[in-house]
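Chemist: Below you'll find upload-v9.txt; it's compact mmCIF, C-alpha atoms.
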```txt
# COMPACT_ATOMS: atom_id res chain seq x y z
CA MET A 198 224.14 219.81 94.21
CA ASP A 199 223.87 216.15 95.19
CA ARG A 200 220.73 215.15 93.28
CA PHE A 201 220.22 211.93 95.20
CA GLN A 202 220.34 213.77 98.53
CA ALA A 203 218.06 216.45 97.09
CA MET A 204 215.51 213.77 96.21
CA GLN A 205 215.72 212.41 99.76
CA VAL A 206 215.24 215.88 101.22
CA PHE A 207 212.33 216.67 98.88
CA THR A 208 210.45 213.44 99.62
CA ARG A 209 210.98 213.86 103.35
CA VAL A 210 209.63 217.43 103.23
CA VAL A 211 206.55 216.19 101.35
CA GLU A 212 205.97 213.30 103.72
CA ALA A 213 206.51 215.37 106.86
CA ASN A 214 204.58 218.31 105.38
CA SER A 215 207.09 220.51 107.17
CA PHE A 216 210.59 221.84 106.54
CA THR A 217 211.29 221.77 110.28
CA MET A 218 210.15 218.17 110.80
CA ALA A 219 212.07 217.05 107.72
CA ALA A 220 215.19 218.71 109.11
CA ASP A 221 214.72 216.98 112.48
CA THR A 222 214.24 213.51 110.98
CA LEU A 223 217.19 213.91 108.60
CA GLY A 224 219.43 215.42 111.24
CA LEU A 225 220.10 218.52 109.13
CA PRO A 226 219.73 222.25 109.84
CA ARG A 227 216.45 223.72 108.62
CA SER A 228 218.41 226.20 106.52
CA THR A 229 219.98 223.27 104.64
CA ILE A 230 216.54 221.85 103.87
CA THR A 231 215.34 225.22 102.58
CA THR A 232 218.36 225.86 100.39
CA THR A 233 218.26 222.30 99.03
CA ILE A 234 214.63 222.66 97.92
CA GLN A 235 215.33 226.07 96.43
CA ALA A 236 218.35 224.72 94.54
CA LEU A 237 216.32 221.75 93.32
CA GLU A 238 213.56 224.00 91.99
CA ARG A 239 216.14 226.16 90.22
CA GLN A 240 217.78 223.08 88.73
CA LEU A 241 214.43 221.75 87.50
CA ARG A 242 213.19 225.21 86.52
CA SER A 243 209.86 224.39 88.11
CA ARG A 244 208.08 225.14 91.35
CA LEU A 245 207.56 221.90 93.30
CA LEU A 246 205.87 223.12 96.47
CA ASN A 247 203.26 225.72 97.33
CA ARG A 248 204.20 227.25 100.66
CA THR A 249 201.80 228.96 103.06
CA THR A 250 202.07 229.80 106.74
CA ARG A 251 199.87 226.80 107.58
CA ARG A 252 200.92 224.00 105.28
CA LEU A 253 202.79 222.83 102.22
CA SER A 254 201.19 221.35 99.16
CA LEU A 255 202.54 219.84 95.96
CA THR A 256 202.19 221.58 92.65
CA PRO A 257 201.22 219.36 89.69
CA ASP A 258 204.90 219.24 88.68
CA GLY A 259 205.83 218.54 92.29
CA ALA A 260 203.39 215.63 92.52
CA SER A 261 204.78 214.09 89.32
CA TYR A 262 208.37 214.58 90.48
CA TYR A 263 207.55 213.17 93.92
CA GLU A 264 206.20 209.94 92.40
CA ARG A 265 209.37 209.54 90.33
CA CYS A 266 211.59 210.26 93.34
CA VAL A 267 209.76 207.69 95.43
CA ARG A 268 210.21 205.09 92.69
CA ILE A 269 213.92 205.86 92.29
CA LEU A 270 214.57 205.81 96.04
CA ALA A 271 212.57 202.59 96.40
CA ASP A 272 214.63 200.99 93.61
CA VAL A 273 217.84 201.99 95.39
CA GLU A 274 216.52 200.70 98.71
CA ASP A 275 215.46 197.42 97.12
CA ALA A 276 218.85 197.02 95.41
CA GLU A 277 220.65 197.58 98.70
CA ALA A 278 218.29 195.26 100.55
CA SER A 279 218.99 192.47 98.06
CA LEU A 280 222.67 192.59 99.02
CA ARG A 281 222.08 192.55 102.76
CA ASP A 282 221.55 189.51 104.93
CA THR A 283 218.21 188.08 103.79
CA THR A 284 217.23 187.50 107.42
CA GLN A 285 217.33 191.23 108.20
CA SER A 286 213.94 192.63 109.08
CA PRO A 287 212.39 195.45 106.97
CA ARG A 288 212.89 198.82 108.58
CA GLY A 289 211.84 202.44 108.25
CA ARG A 290 208.66 204.51 108.47
CA LEU A 291 205.42 203.26 106.95
CA ARG A 292 202.44 205.60 106.57
CA ILE A 293 199.05 203.94 106.32
CA ASP A 294 195.45 205.16 106.46
CA THR A 295 192.28 203.28 107.29
CA LEU A 296 188.63 203.84 108.12
CA PRO A 297 188.19 205.00 111.75
CA SER A 298 185.97 202.10 112.84
CA MET A 299 188.05 199.53 110.98
CA GLY A 300 191.25 200.86 112.49
CA ARG A 301 189.82 201.01 115.98
CA LEU A 302 188.18 197.56 115.96
CA ILE A 303 190.43 195.45 113.72
CA LEU A 304 193.81 197.02 113.01
CA ILE A 305 194.87 198.64 116.30
CA PRO A 306 194.09 195.59 118.51
CA ALA A 307 196.43 193.46 116.34
CA LEU A 308 199.40 195.85 116.16
CA CYS A 309 201.36 194.01 118.85
CA ASP A 310 201.60 191.07 116.46
CA PHE A 311 202.85 193.30 113.65
CA HIS A 312 205.43 194.96 115.91
CA THR A 313 206.62 191.56 117.14
CA ARG A 314 207.18 190.41 113.57
CA TYR A 315 208.65 193.68 112.27
CA PRO A 316 210.11 195.61 115.22
CA ASP A 317 212.13 197.94 112.98
CA ILE A 318 209.12 199.36 111.11
CA GLU A 319 207.75 202.61 112.50
CA LEU A 320 204.02 202.83 111.78
CA ALA A 321 202.23 206.15 111.27
CA ILE A 322 198.51 205.32 111.26
CA GLY A 323 195.90 207.76 110.07
CA MET A 324 192.21 207.06 110.69
CA SER A 325 190.60 209.69 108.54
CA ASP A 326 187.06 210.72 107.70
CA ARG A 327 188.10 212.52 104.52
CA PRO A 328 189.26 211.55 101.03
CA ILE A 329 192.92 210.55 100.83
CA ASP A 330 195.33 211.40 98.02
CA LEU A 331 198.27 209.04 98.50
CA VAL A 332 200.72 211.44 96.88
CA GLN A 333 199.55 214.73 98.38
CA ASP A 334 199.05 213.16 101.82
CA ALA A 335 202.29 211.15 101.60
CA VAL A 336 200.56 207.87 102.49
CA ASP A 337 202.15 204.54 101.55
CA CYS A 338 198.98 202.44 101.54
CA VAL A 339 195.33 202.57 102.57
CA VAL A 340 192.70 200.08 103.72
CA ARG A 341 189.45 201.08 102.08
CA VAL A 342 186.02 199.90 100.98
CA GLY A 343 184.73 200.08 97.43
CA GLU A 344 186.13 200.30 93.95
CA LEU A 345 189.69 201.48 93.39
CA LYS A 346 189.93 204.85 91.66
CA GLY A 347 192.90 205.88 89.59
CA PRO A 348 195.20 204.05 87.18
CA THR A 349 198.27 204.33 89.43
CA LEU A 350 196.89 202.10 92.19
CA VAL A 351 197.53 198.46 92.92
CA GLY A 352 195.11 196.71 95.24
CA ARG A 353 194.65 193.41 96.97
CA ARG A 354 191.19 192.34 98.06
CA ILE A 355 191.27 191.36 101.72
CA GLY A 356 187.60 191.03 102.61
CA THR A 357 184.02 192.01 101.96
CA LEU A 358 181.98 194.66 103.74
CA GLU A 359 178.54 193.36 104.59
CA ILE A 360 175.82 195.69 105.83
CA VAL A 361 173.56 194.31 108.55
CA THR A 362 170.11 195.56 109.56
CA CYS A 363 169.52 194.83 113.23
CA ALA A 364 167.83 195.93 116.44
CA ALA A 365 168.01 195.40 120.18
CA PRO A 366 165.71 192.75 121.70
CA SER A 367 164.05 195.51 123.73
CA TYR A 368 163.03 197.26 120.53
CA ILE A 369 161.73 194.06 118.95
CA GLU A 370 159.73 193.24 122.08
CA ARG A 371 158.17 196.69 121.98
CA ARG A 372 157.59 197.10 118.24
CA GLY A 373 157.80 193.56 116.85
CA GLU A 374 160.21 192.20 114.23
CA PRO A 375 159.85 193.40 110.63
CA LYS A 376 159.37 190.39 108.39
CA THR A 377 159.31 192.23 105.07
CA ILE A 378 160.49 195.57 103.75
CA GLN A 379 156.86 196.73 103.66
CA ASP A 380 156.72 196.23 107.46
CA LEU A 381 159.15 199.12 107.88
CA ASP A 382 156.19 201.51 107.58
CA GLN A 383 155.39 200.51 111.17
CA HIS A 384 158.94 200.81 112.51
CA GLN A 385 161.52 203.38 113.58
CA ALA A 386 165.16 203.72 112.62
CA VAL A 387 168.15 205.42 114.14
CA HIS A 388 169.39 207.74 111.40
CA TYR A 389 172.97 208.65 110.55
CA PHE A 390 173.95 211.92 108.96
CA SER A 391 177.35 213.15 107.84
CA ARG A 392 178.94 216.58 107.75
CA ALA A 393 180.92 215.32 104.75
CA THR A 394 177.81 215.01 102.57
CA GLY A 395 175.87 217.94 103.97
CA THR A 396 172.66 215.92 103.69
CA GLY A 397 169.93 215.30 106.22
CA VAL A 398 168.10 212.08 106.97
CA GLN A 399 167.77 209.97 103.83
CA ASP A 400 166.22 206.66 102.79
CA TRP A 401 167.64 203.26 103.65
CA SER A 402 168.86 200.81 101.02
CA PHE A 403 167.97 197.15 100.59
CA SER A 404 168.52 194.66 97.80
CA VAL A 405 165.50 193.16 96.04
CA ASP A 406 166.18 190.73 93.18
CA ASP A 407 169.81 191.94 93.16
CA LYS A 408 168.71 195.54 92.64
CA PRO A 409 168.99 198.37 95.18
CA VAL A 410 165.72 199.63 96.59
CA GLU A 411 165.39 202.83 98.61
CA VAL A 412 163.03 202.73 101.59
CA SER A 413 161.93 205.60 103.81
CA VAL A 414 161.98 204.70 107.51
CA ASN A 415 160.70 206.93 110.30
CA GLY A 416 162.96 207.82 113.20
CA ILE A 417 163.14 210.00 116.31
CA ILE A 418 166.93 210.34 116.64
CA SER A 419 169.81 211.09 114.29
CA VAL A 420 173.55 211.11 115.06
CA ASN A 421 176.78 211.66 113.13
CA ASP A 422 179.13 209.40 115.09
CA SER A 423 179.40 205.65 114.49
CA GLU A 424 179.80 204.71 118.16
CA ALA A 425 176.83 206.89 119.15
CA TYR A 426 174.83 205.32 116.32
CA LEU A 427 175.60 201.82 117.58
CA THR A 428 174.82 202.80 121.17
CA CYS A 429 171.42 204.17 120.15
CA GLY A 430 170.66 200.84 118.50
CA LEU A 431 171.75 198.90 121.59
CA GLN A 432 169.52 201.14 123.72
CA GLY A 433 166.50 200.22 121.60
CA PHE A 434 165.87 203.58 119.90
CA GLY A 435 165.25 201.83 116.59
CA LEU A 436 166.58 199.68 113.78
CA ILE A 437 170.16 200.33 112.65
CA GLN A 438 172.27 199.45 109.61
CA LEU A 439 176.00 198.97 110.16
CA PRO A 440 178.95 196.96 108.78
CA ARG A 441 178.94 193.42 110.12
CA TYR A 442 182.39 193.79 111.68
CA MET A 443 180.98 196.48 113.99
CA VAL A 444 178.02 194.47 115.24
CA THR A 445 179.34 190.87 115.20
CA PRO A 446 180.06 190.72 118.98
CA TYR A 447 176.59 192.05 119.79
CA LEU A 448 174.91 189.60 117.44
CA GLN A 449 176.82 186.79 119.13
CA THR A 450 175.77 187.85 122.64
CA GLY A 451 172.18 188.53 121.64
CA GLU A 452 172.38 192.26 122.41
CA LEU A 453 171.39 192.82 118.78
CA ARG A 454 169.29 190.67 116.46
CA GLU A 455 169.67 190.68 112.69
CA VAL A 456 166.47 191.32 110.71
CA LEU A 457 165.47 191.47 107.05
CA THR A 458 168.42 189.27 106.11
CA PRO A 459 167.08 188.28 102.63
CA TRP A 460 167.10 191.95 101.60
CA ALA A 461 170.56 192.95 102.90
CA PRO A 462 172.33 195.56 100.74
CA ALA A 463 174.86 194.23 98.25
CA PRO A 464 178.30 193.72 99.86
CA MET A 465 181.32 195.79 98.84
CA PRO A 466 184.98 194.76 98.56
CA ILE A 467 187.56 195.74 101.17
CA SER A 468 191.04 196.24 99.81
CA VAL A 469 194.51 197.36 100.78
CA ALA A 470 195.78 199.69 98.08
CA TYR A 471 199.04 201.44 97.31
CA LEU A 472 200.67 203.32 94.46
CA TYR A 473 202.04 201.10 91.71
CA ASN A 474 205.58 202.34 92.39
CA ARG A 475 205.50 201.26 96.05
CA HIS A 476 205.33 197.51 95.39
CA LEU A 477 209.11 197.15 95.66
CA SER A 478 209.23 198.53 99.19
CA PRO A 479 209.80 195.72 101.72
CA ARG A 480 207.82 197.70 104.30
CA VAL A 481 204.76 197.89 102.06
CA ARG A 482 205.05 194.24 101.03
CA VAL A 483 205.12 192.89 104.57
CA PHE A 484 202.28 195.16 105.69
CA VAL A 485 200.06 194.13 102.77
CA ASP A 486 200.72 190.44 103.52
CA TRP A 487 200.12 190.97 107.24
CA VAL A 488 196.87 192.92 106.92
CA SER A 489 195.57 190.36 104.39
CA GLU A 490 196.25 187.58 106.89
CA LEU A 491 194.69 189.66 109.68
CA PHE A 492 191.40 190.12 107.84
CA GLN A 493 191.22 186.43 106.99
CA LYS A 494 191.62 185.42 110.62
CA CYS A 495 189.86 188.25 112.45
CA PRO A 496 186.74 187.01 114.31
CA ARG A 497 184.92 190.24 113.51
CA MET A 498 185.39 189.52 109.81
CA ARG A 499 184.21 185.94 110.00
CA ASP A 500 182.03 185.11 106.99
CA CYS A 501 183.00 188.52 105.54
CA THR A 502 186.24 187.60 103.76
CA GLY A 503 184.52 186.43 100.62
CA GLY A 504 186.37 183.11 100.48
CA THR A 505 189.49 183.07 98.34
CA GLY A 506 190.42 185.62 95.74
CA PHE A 507 193.29 187.34 97.52
CA SER A 508 195.21 188.13 94.35
CA PRO A 509 197.87 190.83 94.07
CA GLU A 510 195.67 192.78 91.68
CA CYS A 511 191.98 192.34 92.24
CA ALA A 512 189.27 192.89 89.68
CA PHE A 513 186.80 194.53 92.03
CA ALA A 514 183.09 193.98 91.85
CA SER A 515 181.04 196.69 90.20
CA GLN A 516 180.32 199.58 92.51
CA THR A 517 176.86 199.34 94.00
CA LYS A 518 174.55 202.11 95.05
CA SER A 519 174.14 202.37 98.81
CA GLY A 520 171.24 203.88 100.66
CA SER A 521 171.89 207.33 101.97
CA THR A 522 172.08 206.27 105.61
CA ILE A 523 174.82 203.76 104.86
CA ARG A 524 176.27 206.05 102.18
CA ASP A 525 176.61 208.90 104.67
CA PHE A 526 178.18 206.55 107.19
CA LEU A 527 180.69 205.27 104.65
CA VAL A 528 181.53 208.75 103.36
CA HIS A 529 182.12 209.81 106.96
CA GLU A 530 184.41 206.79 107.20
CA GLY A 531 186.20 207.88 104.02
CA VAL A 532 184.77 205.30 101.64
CA GLU A 533 182.63 206.26 98.66
CA GLU A 534 184.13 209.60 97.74
CA ALA A 535 187.69 208.79 98.66
CA THR A 536 190.26 210.08 96.20
CA PHE A 537 192.71 207.19 96.01
```
Do you think you could lay out the structure here as structure tokens?
Modeler:
Amino acid sequence: MDRFQAMQVFTRVVEANSFTMAADTLGLPRSTITTTIQALERQLRSRLLNRTTRRLSLTPDGASYYERCVRILADVEDAEASLRDTTQSPRGRLRIDTLPSMGRLILIPALCDFHTRYPDIELAIGMSDRPIDLVQDAVDCVVRVGELKGPTLVGRRIGTLEIVTCAAPSYIERRGEPKTIQDLDQHQAVHYFSRATGTGVQDWSFSVDDKPVEVSVNGIISVNDSEAYLTCGLQGFGLIQLPRYMVTPYLQTGELREVLTPWAPAPMPISVAYLYNRHLSPRVRVFVDWVSELFQKCPRMRDCTGGTGFSPECAFASQTKSGSTIRDFLVHEGVEEATF
């Protein structure tokens, strides 16, 4: 058995989550893929994959072996790349995952620039509302909010997530502008709930003397979709709390007005993160550099990049407690409970 080829076959099966798709991308018969995995498991005397009719999943031994295979294959790729013409563009498939709203509003609109710079990189972009395991889900890197979890991750801070409390002018004309947190007793909010948390309408969060404070706000409508939530705010159904990058254009045009600014919730870091053994991959390197540059320059992220501090390994700020409305929104977007 060619062990190097077996490693390539195994990693491709994991990343494609399919024997058939792995066979198609490698240009091999499916029977060859099956026999190669079986021979590899016999050689290692360990089961690497759990197979069901619906999907494949890594066993604990399989996950450990996959990480080592990725590192070995990346080392070989890097060694070969160092001997090629240095002007050759990085190539291959790059799997990334990001928050749905962040992908839709920031990442996707800028992809033409990335493709122009790196035409030989094939991007597979996931915009998930569930926790991501980079090994099990075969993802190369993620753009996420909050504190990195897990000792095998390397992260670069690329921005700061600021939460804005705002309302449509029509709402403020009808109900007045809250000047203090105590004024919220006389106001209404649009509430956000998430299937991921299984919770109903919860309190809002504000920061008072650098400490989180939970506040109950009345409301007549609740939704579980970020675009619907924003639309309800624009229609004047009540106050809303959203990341600044989602509401910046509407604040600029006056369709929304920011309120209660002195008590805004504590900001959270935005980072691009990847497994420690992926840092040698040219594809990952150029994407990390590109997305860092994108967030620095993106108009939606203006005043949200937190100045400098774009180091290869970032010491993230302490995790802060978010109010349940924002917490549910972020969990729906794959933030707080993400398994990195």
Chemist: Please return, as a ChimeraX atom specification, all polymer residues that have at least one atom within 10 Å of the point (195.6, 193.6, 112.1); use all atoms listed in the file and the file's own coordinate frame.
Modeler: /A:299-300,302-311,484,487-495
Chemist: Report, in Å to a single decimal, how far apart CA of Pro496 in chain A and CA of Ala463 in chain A are.
Modeler: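 Taking CA of Ala463 in chain A as the start and CA of Pro496 in chain A as the end point, the length is 21.2 Å.
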Chemist: Residues within 7 Å of Leu350 in chain A, please, as a list of chain:residue names. Count all atoms listed in the file; anything in the same chain fewer than 4 positions from it doesn't count.
Modeler: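 Once the nearby chain positions are removed, what remains is A:Ala470, A:Tyr471, A:Leu472, A:Tyr473.
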Chemist: Select, from A:Thr295, A:Ser404, A:Asn247, A:Thr217, the residue with the minimum atom-to-atom distance to Val336 in chain A, counting all atoms listed in the file.
Modeler: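 Under the stated criterion, the closest residue is A:Thr295.
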Chemist: For Arg301 in chain A, which residue among A:Leu358, A:Met498, A:Met443, A:Leu246 is the nearest when counting all atoms listed in the file?
Modeler: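 Nearest candidate to Arg301 in chain A out of A:Leu358, A:Met498, A:Met443, A:Leu246: A:Met443.
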Chemist: Quick one, how far is CA of Val410 in chain A from CA of Val444 in chain A?
Modeler: 22.9 Å
Chemist: Give as a PyMOL selection string each residue that has an atom at most 12 Å from (200.3, 224.0, 100.0) in the file, counting all atoms listed in the file.
Modeler: chain A and resi 210-211+214-215+244-257+259-260+333-334
Chemist: Write a file of the just-selected residues containing C-alpha atoms, as a PDB file, keeping the file's coordinate frame.
Modeler:
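Ended up saving to selection07.pdb:
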```pdb
ATOM      1  CA  VAL A 210     209.630 217.430 103.230  1.00  0.00           C
ATOM      2  CA  VAL A 211     206.550 216.190 101.350  1.00  0.00           C
ATOM      3  CA  ASN A 214     204.580 218.310 105.380  1.00  0.00           C
ATOM      4  CA  SER A 215     207.090 220.510 107.170  1.00  0.00           C
ATOM      5  CA  ARG A 244     208.080 225.140  91.350  1.00  0.00           C
ATOM      6  CA  LEU A 245     207.560 221.900  93.300  1.00  0.00           C
ATOM      7  CA  LEU A 246     205.870 223.120  96.470  1.00  0.00           C
ATOM      8  CA  ASN A 247     203.260 225.720  97.330  1.00  0.00           C
ATOM      9  CA  ARG A 248     204.200 227.250 100.660  1.00  0.00           C
ATOM     10  CA  THR A 249     201.800 228.960 103.060  1.00  0.00           C
ATOM     11  CA  THR A 250     202.070 229.800 106.740  1.00  0.00           C
ATOM     12  CA  ARG A 251     199.870 226.800 107.580  1.00  0.00           C
ATOM     13  CA  ARG A 252     200.920 224.000 105.280  1.00  0.00           C
ATOM     14  CA  LEU A 253     202.790 222.830 102.220  1.00  0.00           C
ATOM     15  CA  SER A 254     201.190 221.350  99.160  1.00  0.00           C
ATOM     16  CA  LEU A 255     202.540 219.840  95.960  1.00  0.00           C
ATOM     17  CA  THR A 256     202.190 221.580  92.650  1.00  0.00           C
ATOM     18  CA  PRO A 257     201.220 219.360  89.690  1.00  0.00           C
ATOM     19  CA  GLY A 259     205.830 218.540  92.290  1.00  0.00           C
ATOM     20  CA  ALA A 260     203.390 215.630  92.520  1.00  0.00           C
ATOM     21  CA  GLN A 333     199.550 214.730  98.380  1.00  0.00           C
ATOM     22  CA  ASP A 334     199.050 213.160 101.820  1.00  0.00           C
TER      23      ASP A 334
END
```
Chemist: Quick one: pull the distance between CA of Leu270 in chain A and CA of Leu291 in chain A, Å, one decimal.
Modeler: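 Calculated distance between CA of Leu270 in chain A and CA of Leu291 in chain A is 14.5 Å.
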Chemist: I need the residue nearest Val267 in chain A from this list: A:Val420, A:Val456, A:Met204, A:Val351. Use all atoms listed in the file for the distance.
Modeler: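 Residue with the minimum atom-to-atom distance to Val267 in chain A: A:Met204.
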Chemist: Pick the closest to Trp460 in chain A from A:Pro446, A:Pro409, A:Pro479, A:Gly373: which is it, counting only C-alpha atoms?
Modeler: A:Pro409
Chemist: Go through A:Ile369, A:Met465, A:Val483, A:Cys363 and flag the residue nearest Leu448 in chain A, using all atoms listed in the file for the distances.
Modeler: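 Answer, going by the shortest atom-to-atom distance: A:Cys363.
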